[in-house]
Amino acid sequence: MANQRSVCVYCGSRDGVSPAYAEAAKATGQMLADNRWRLVYGAGDVGLMGQVANAVQSAGGATFGVIPTHLMDWEVGKRDLDSFIVTETMHERKKVMFMNADAVVVLPGGAGSLDEFFEALTWRQLKLHAKPIFLLNIDGFWDPLWTLMEHVVAQGFAGDNILSFAQMVPDIPTLETALLKAL
């Protein structure tokens with residue numbers, strides 16, 4: 001599909017403590033497949049990453065995974081994807097994922113997800129792209145992050161326009177509506 005849109009999903013390689021996170025990951029995967037959007041993600045078969053990918057595949061959707069060599073065992077590289085790319089470094093992984101996506105969605109996750117989010121946000125701030133970025137705020141997971149971003153603005157370390165570069169969405173239906181408008 002030459003015109004197929006792709007959504008990069010950043011999320012945890014763990015499930016987290018709330019069952020709502022895994023349910024959101026599965027629902028995100030289903031929603032992507034229902035809209036015929038290709039999943040671009042970190043190619044892991046564990047945690048929320050695995051939940052999203054398995055849901056996309058179960059619904060007949062397309063998958064594009066990128067994993068660095070050193071994480072093949074740790075994140076259980078999911079080799080049954082439509083596209084499976086192995087990179088040498090984390091930096092290369094993030095670049096390949098981002099360059100192959102039309103939008104970014106960030107589900108709950110840890111330091112890696114935060115790193116990916118802030119890199120995409122920084123690139124947007126620097127006008128290196130205009131791709132939409134969405135934080136899926138399941139059970140208020142991203143509220144502290146948003147408070148921190150507001151603090152950064154209030155303290156003069158970023159213009160308030162940075163808050164417009166990412167959009168918080170509370171649930172999958174709102175995310176789907178936002179993606180439909182953006183893509």
# chains A, B, ... in the order shown; residues from 1 in each chain; ligands from 1
call {"tool": "select_by_dssp", "arguments": {"residues": "region 4-164 of chain A", "states": "strand (DSSP E)", "output": "JSON, numbers by chain"}}
result
{"A": [6, 7, 8, 9, 10, 38, 39, 40, 41, 63, 64, 65, 66, 67, 68, 83, 84, 85, 86, 87, 103, 104, 105, 106, 133, 134, 135, 136]}
call {"tool": "residues_around", "arguments": {"residues": "Lys78 (chain A)", "least_positions_apart": "3", "cutoff": "9 Å", "atoms": "only C-alpha atoms", "output": "list in words"}}
result
Ala43, Gly44, Asp45, Val46, Gly50, Ala53, Gly65, Met72, Glu75, Leu81 and Phe84 of chain A
call {"tool": "write_last_selection", "arguments": {"atoms": "all heavy atoms", "output": "JSON list (two decimals), in the first residue's frame"}}
result
[["chain", "number", "residue", "atom", "x", "y", "z"],
["A", 43, "ALA", "N", 9.67, -3.29, 17.98],
["A", 43, "ALA", "CA", 9.85, -4.70, 17.59],
["A", 43, "ALA", "C", 9.96, -5.68, 18.75],
["A", 43, "ALA", "O", 10.35, -6.81, 18.56],
["A", 43, "ALA", "CB", 11.04, -4.87, 16.65],
["A", 44, "GLY", "N", 9.60, -5.26, 19.96],
["A", 44, "GLY", "CA", 9.63, -6.19, 21.08],
["A", 44, "GLY", "C", 8.36, -7.01, 21.18],
["A", 44, "GLY", "O", 7.30, -6.61, 20.70],
["A", 45, "ASP", "N", 8.48, -8.16, 21.82],
["A", 45, "ASP", "CA", 7.33, -9.04, 22.03],
["A", 45, "ASP", "C", 7.03, -9.17, 23.52],
["A", 45, "ASP", "O", 6.52, -10.18, 23.97],
["A", 45, "ASP", "CB", 7.60, -10.41, 21.41],
["A", 45, "ASP", "CG", 6.32, -11.20, 21.15],
["A", 45, "ASP", "OD1", 5.23, -10.59, 21.20],
["A", 45, "ASP", "OD2", 6.41, -12.41, 20.89],
["A", 46, "VAL", "N", 7.40, -8.14, 24.27],
["A", 46, "VAL", "CA", 7.17, -8.13, 25.71],
["A", 46, "VAL", "C", 6.46, -6.83, 26.10],
["A", 46, "VAL", "O", 6.49, -5.84, 25.36],
["A", 46, "VAL", "CB", 8.50, -8.24, 26.50],
["A", 46, "VAL", "CG1", 9.16, -9.59, 26.27],
["A", 46, "VAL", "CG2", 9.46, -7.11, 26.15],
["A", 50, "GLY", "N", 4.61, -5.66, 23.07],
["A", 50, "GLY", "CA", 4.08, -6.92, 22.57],
["A", 50, "GLY", "C", 2.57, -6.92, 22.49],
["A", 50, "GLY", "O", 1.97, -7.47, 21.56],
["A", 53, "ALA", "N", 1.52, -4.90, 19.33],
["A", 53, "ALA", "CA", 1.85, -5.62, 18.10],
["A", 53, "ALA", "C", 0.96, -6.85, 17.91],
["A", 53, "ALA", "O", 0.47, -7.11, 16.80],
["A", 53, "ALA", "CB", 3.32, -6.02, 18.10],
["A", 65, "GLY", "N", 8.66, -3.23, 12.69],
["A", 65, "GLY", "CA", 9.40, -3.19, 13.94],
["A", 65, "GLY", "C", 10.87, -2.91, 13.74],
["A", 65, "GLY", "O", 11.47, -3.35, 12.76],
["A", 72, "MET", "N", 17.78, -7.64, 21.29],
["A", 72, "MET", "CA", 17.09, -8.78, 20.67],
["A", 72, "MET", "C", 16.62, -9.80, 21.71],
["A", 72, "MET", "O", 15.49, -10.28, 21.64],
["A", 72, "MET", "CB", 18.00, -9.47, 19.65],
["A", 72, "MET", "CG", 18.11, -8.70, 18.36],
["A", 72, "MET", "SD", 16.58, -8.74, 17.40],
["A", 72, "MET", "CE", 16.53, -10.45, 16.94],
["A", 75, "GLU", "N", 14.28, -7.72, 24.86],
["A", 75, "GLU", "CA", 12.92, -7.35, 24.47],
["A", 75, "GLU", "C", 12.25, -8.41, 23.60],
["A", 75, "GLU", "O", 11.16, -8.22, 23.10],
["A", 75, "GLU", "CB", 12.93, -6.00, 23.73],
["A", 75, "GLU", "CG", 13.28, -4.84, 24.64],
["A", 75, "GLU", "CD", 13.20, -3.48, 23.95],
["A", 75, "GLU", "OE1", 13.02, -3.42, 22.71],
["A", 75, "GLU", "OE2", 13.30, -2.47, 24.67],
["A", 81, "LEU", "N", 6.96, -10.07, 12.14],
["A", 81, "LEU", "CA", 6.37, -8.80, 11.70],
["A", 81, "LEU", "C", 6.44, -8.70, 10.18],
["A", 81, "LEU", "O", 7.24, -9.38, 9.54],
["A", 81, "LEU", "CB", 7.12, -7.62, 12.34],
["A", 81, "LEU", "CG", 7.17, -7.62, 13.87],
["A", 81, "LEU", "CD1", 8.14, -6.56, 14.37],
["A", 81, "LEU", "CD2", 5.78, -7.42, 14.45],
["A", 84, "PHE", "N", 10.85, -6.24, 9.72],
["A", 84, "PHE", "CA", 11.64, -6.42, 10.95],
["A", 84, "PHE", "C", 13.05, -5.94, 10.66],
["A", 84, "PHE", "O", 13.76, -6.54, 9.86],
["A", 84, "PHE", "CB", 11.63, -7.89, 11.37],
["A", 84, "PHE", "CG", 12.39, -8.18, 12.63],
["A", 84, "PHE", "CD1", 11.86, -7.85, 13.87],
["A", 84, "PHE", "CD2", 13.63, -8.80, 12.58],
["A", 84, "PHE", "CE1", 12.54, -8.13, 15.04],
["A", 84, "PHE", "CE2", 14.32, -9.09, 13.75],
["A", 84, "PHE", "CZ", 13.77, -8.75, 14.98]]
call {"tool": "closest_atom_pairs", "arguments": {"of": "region 68-157 of chain A", "to": "region 6-27 of chain A", "cutoff": "6 Å", "atoms": "only C-alpha atoms", "output": "tab-separated table"}}
result
residue	atom	partner	partner_atom	distance
A:Ala101	CA	A:Ser6	CA	4.7
A:Asp102	CA	A:Ser6	CA	5.4
A:Ala103	CA	A:Val7	CA	5.0
A:Val104	CA	A:Cys8	CA	4.8
A:Val105	CA	A:Val9	CA	4.8
A:Val106	CA	A:Tyr10	CA	4.8
A:Leu107	CA	A:Cys11	CA	4.8
A:Pro108	CA	A:Cys11	CA	5.6
A:Gly109	CA	A:Gly12	CA	3.8
A:Gly110	CA	A:Gly12	CA	5.9
A:Ser113	CA	A:Cys11	CA	5.5
call {"tool": "select_by_dssp", "arguments": {"residues": "region 101-163 of chain A", "states": "alpha helix (DSSP H)", "output": "number ranges by chain"}}
result
A: 111-125, 143-154
call {"tool": "write_last_selection", "arguments": {"atoms": "N, CA and C atoms", "output": "mmCIF file, in the first residue's frame"}}
result
data_model
loop_
_atom_site.group_PDB
_atom_site.id
_atom_site.type_symbol
_atom_site.label_atom_id
_atom_site.label_comp_id
_atom_site.auth_asym_id
_atom_site.auth_seq_id
_atom_site.Cartn_x
_atom_site.Cartn_y
_atom_site.Cartn_z
ATOM 1 N N ALA A 111 11.659 5.015 31.057
ATOM 2 C CA ALA A 111 12.682 5.947 30.590
ATOM 3 C C ALA A 111 12.828 5.933 29.069
ATOM 4 N N GLY A 112 12.753 4.758 28.468
ATOM 5 C CA GLY A 112 12.879 4.680 27.018
ATOM 6 C C GLY A 112 11.757 5.412 26.305
ATOM 7 N N SER A 113 10.532 5.245 26.799
ATOM 8 C CA SER A 113 9.385 5.928 26.199
ATOM 9 C C SER A 113 9.501 7.438 26.375
ATOM 10 N N LEU A 114 9.975 7.845 27.544
ATOM 11 C CA LEU A 114 10.186 9.272 27.785
ATOM 12 C C LEU A 114 11.259 9.822 26.850
ATOM 13 N N ASP A 115 12.336 9.090 26.667
ATOM 14 C CA ASP A 115 13.407 9.500 25.770
ATOM 15 C C ASP A 115 12.868 9.679 24.355
ATOM 16 N N GLU A 116 12.089 8.709 23.896
ATOM 17 C CA GLU A 116 11.529 8.773 22.549
ATOM 18 C C GLU A 116 10.571 9.965 22.413
ATOM 19 N N PHE A 117 9.723 10.156 23.417
ATOM 20 C CA PHE A 117 8.791 11.285 23.391
ATOM 21 C C PHE A 117 9.538 12.605 23.336
ATOM 22 N N PHE A 118 10.515 12.789 24.220
ATOM 23 C CA PHE A 118 11.213 14.070 24.267
ATOM 24 C C PHE A 118 12.045 14.317 23.015
ATOM 25 N N GLU A 119 12.566 13.277 22.417
ATOM 26 C CA GLU A 119 13.291 13.483 21.168
ATOM 27 C C GLU A 119 12.336 13.961 20.074
ATOM 28 N N ALA A 120 11.179 13.312 19.942
ATOM 29 C CA ALA A 120 10.195 13.740 18.942
ATOM 30 C C ALA A 120 9.709 15.155 19.232
ATOM 31 N N LEU A 121 9.488 15.467 20.507
ATOM 32 C CA LEU A 121 9.037 16.803 20.899
ATOM 33 C C LEU A 121 10.108 17.852 20.598
ATOM 34 N N THR A 122 11.356 17.548 20.911
ATOM 35 C CA THR A 122 12.463 18.473 20.647
ATOM 36 C C THR A 122 12.630 18.710 19.150
ATOM 37 N N TRP A 123 12.552 17.645 18.360
ATOM 38 C CA TRP A 123 12.656 17.807 16.907
ATOM 39 C C TRP A 123 11.526 18.687 16.382
ATOM 40 N N ARG A 124 10.339 18.542 16.975
ATOM 41 C CA ARG A 124 9.201 19.395 16.564
ATOM 42 C C ARG A 124 9.483 20.849 16.947
ATOM 43 N N GLN A 125 10.000 21.063 18.149
ATOM 44 C CA GLN A 125 10.332 22.408 18.621
ATOM 45 C C GLN A 125 11.366 23.062 17.702
ATOM 46 N N ASP A 143 -0.225 12.820 33.499
ATOM 47 C CA ASP A 143 -0.480 14.087 34.191
ATOM 48 C C ASP A 143 0.780 14.697 34.805
ATOM 49 N N PRO A 144 1.610 13.915 35.516
ATOM 50 C CA PRO A 144 2.829 14.522 36.090
ATOM 51 C C PRO A 144 3.790 15.052 35.018
ATOM 52 N N LEU A 145 3.848 14.370 33.874
ATOM 53 C CA LEU A 145 4.701 14.835 32.780
ATOM 54 C C LEU A 145 4.200 16.180 32.267
ATOM 55 N N TRP A 146 2.901 16.301 32.102
ATOM 56 C CA TRP A 146 2.343 17.556 31.604
ATOM 57 C C TRP A 146 2.589 18.690 32.600
ATOM 58 N N THR A 147 2.453 18.383 33.874
ATOM 59 C CA THR A 147 2.739 19.375 34.912
ATOM 60 C C THR A 147 4.194 19.822 34.826
ATOM 61 N N LEU A 148 5.097 18.886 34.604
ATOM 62 C CA LEU A 148 6.512 19.225 34.446
ATOM 63 C C LEU A 148 6.725 20.111 33.217
ATOM 64 N N MET A 149 6.074 19.776 32.118
ATOM 65 C CA MET A 149 6.227 20.599 30.915
ATOM 66 C C MET A 149 5.707 22.013 31.156
ATOM 67 N N GLU A 150 4.603 22.152 31.844
ATOM 68 C CA GLU A 150 4.085 23.479 32.189
ATOM 69 C C GLU A 150 5.070 24.226 33.087
ATOM 70 N N HIS A 151 5.714 23.505 33.980
ATOM 71 C CA HIS A 151 6.728 24.096 34.868
ATOM 72 C C HIS A 151 7.929 24.594 34.054
ATOM 73 N N VAL A 152 8.365 23.805 33.098
ATOM 74 C CA VAL A 152 9.484 24.198 32.231
ATOM 75 C C VAL A 152 9.145 25.504 31.511
ATOM 76 N N VAL A 153 7.923 25.612 31.018
ATOM 77 C CA VAL A 153 7.485 26.841 30.347
ATOM 78 C C VAL A 153 7.439 27.998 31.341
ATOM 79 N N ALA A 154 6.826 27.753 32.509
ATOM 80 C CA ALA A 154 6.680 28.808 33.522
ATOM 81 C C ALA A 154 8.038 29.327 33.993
#
call {"tool": "closest_residue", "arguments": {"among": "A:His70, A:Leu163, A:Gln4, A:Phe134", "to": "Glu176 (chain A)", "atoms": "only C-alpha atoms"}}
result
A:Phe134
call {"tool": "residues_around", "arguments": {"residues": "Asp34 (chain A)", "least_positions_apart": "6", "cutoff": "12 Å", "atoms": "only C-alpha atoms", "output": "list of chain:residue names"}}
result
A:Ala27, A:Thr28, A:Ala55, A:Val56, A:Gln57, A:Ser58, A:Ala59, A:Gly60, A:Gly61, A:Ala62, A:Glu176, A:Leu180
call {"tool": "atom_distance", "arguments": {"atom1": "CA of Phe165 (chain A)", "atom2": "CA of Lys131 (chain A)"}}
result
8.8 Å
call {"tool": "atom_distance", "arguments": {"atom1": "CA of Ile67 (chain A)", "atom2": "CA of Lys94 (chain A)"}}
result
9.0 Å
call {"tool": "residues_around", "arguments": {"residues": "Thr63 (chain A)", "least_positions_apart": "5", "cutoff": "6 Å", "atoms": "only C-alpha atoms", "output": "VMD selection string"}}
result
chain A and resid 38 to 39 81 to 82
call {"tool": "closest_residue", "arguments": {"among": "A:Gly42, A:Leu48, A:Ile133, A:Asn100", "to": "Gly77 (chain A)", "atoms": "only C-alpha atoms"}}
result
A:Gly42
call {"tool": "atom_distance", "arguments": {"atom1": "CA of Val96 (chain A)", "atom2": "CA of Val66 (chain A)"}}
result
7.2 Å
call {"tool": "closest_residue", "arguments": {"among": "A:Trp142, A:Gly47, A:Tyr41, A:Leu175", "to": "Val76 (chain A)", "atoms": "only C-alpha atoms"}}
result
A:Gly47
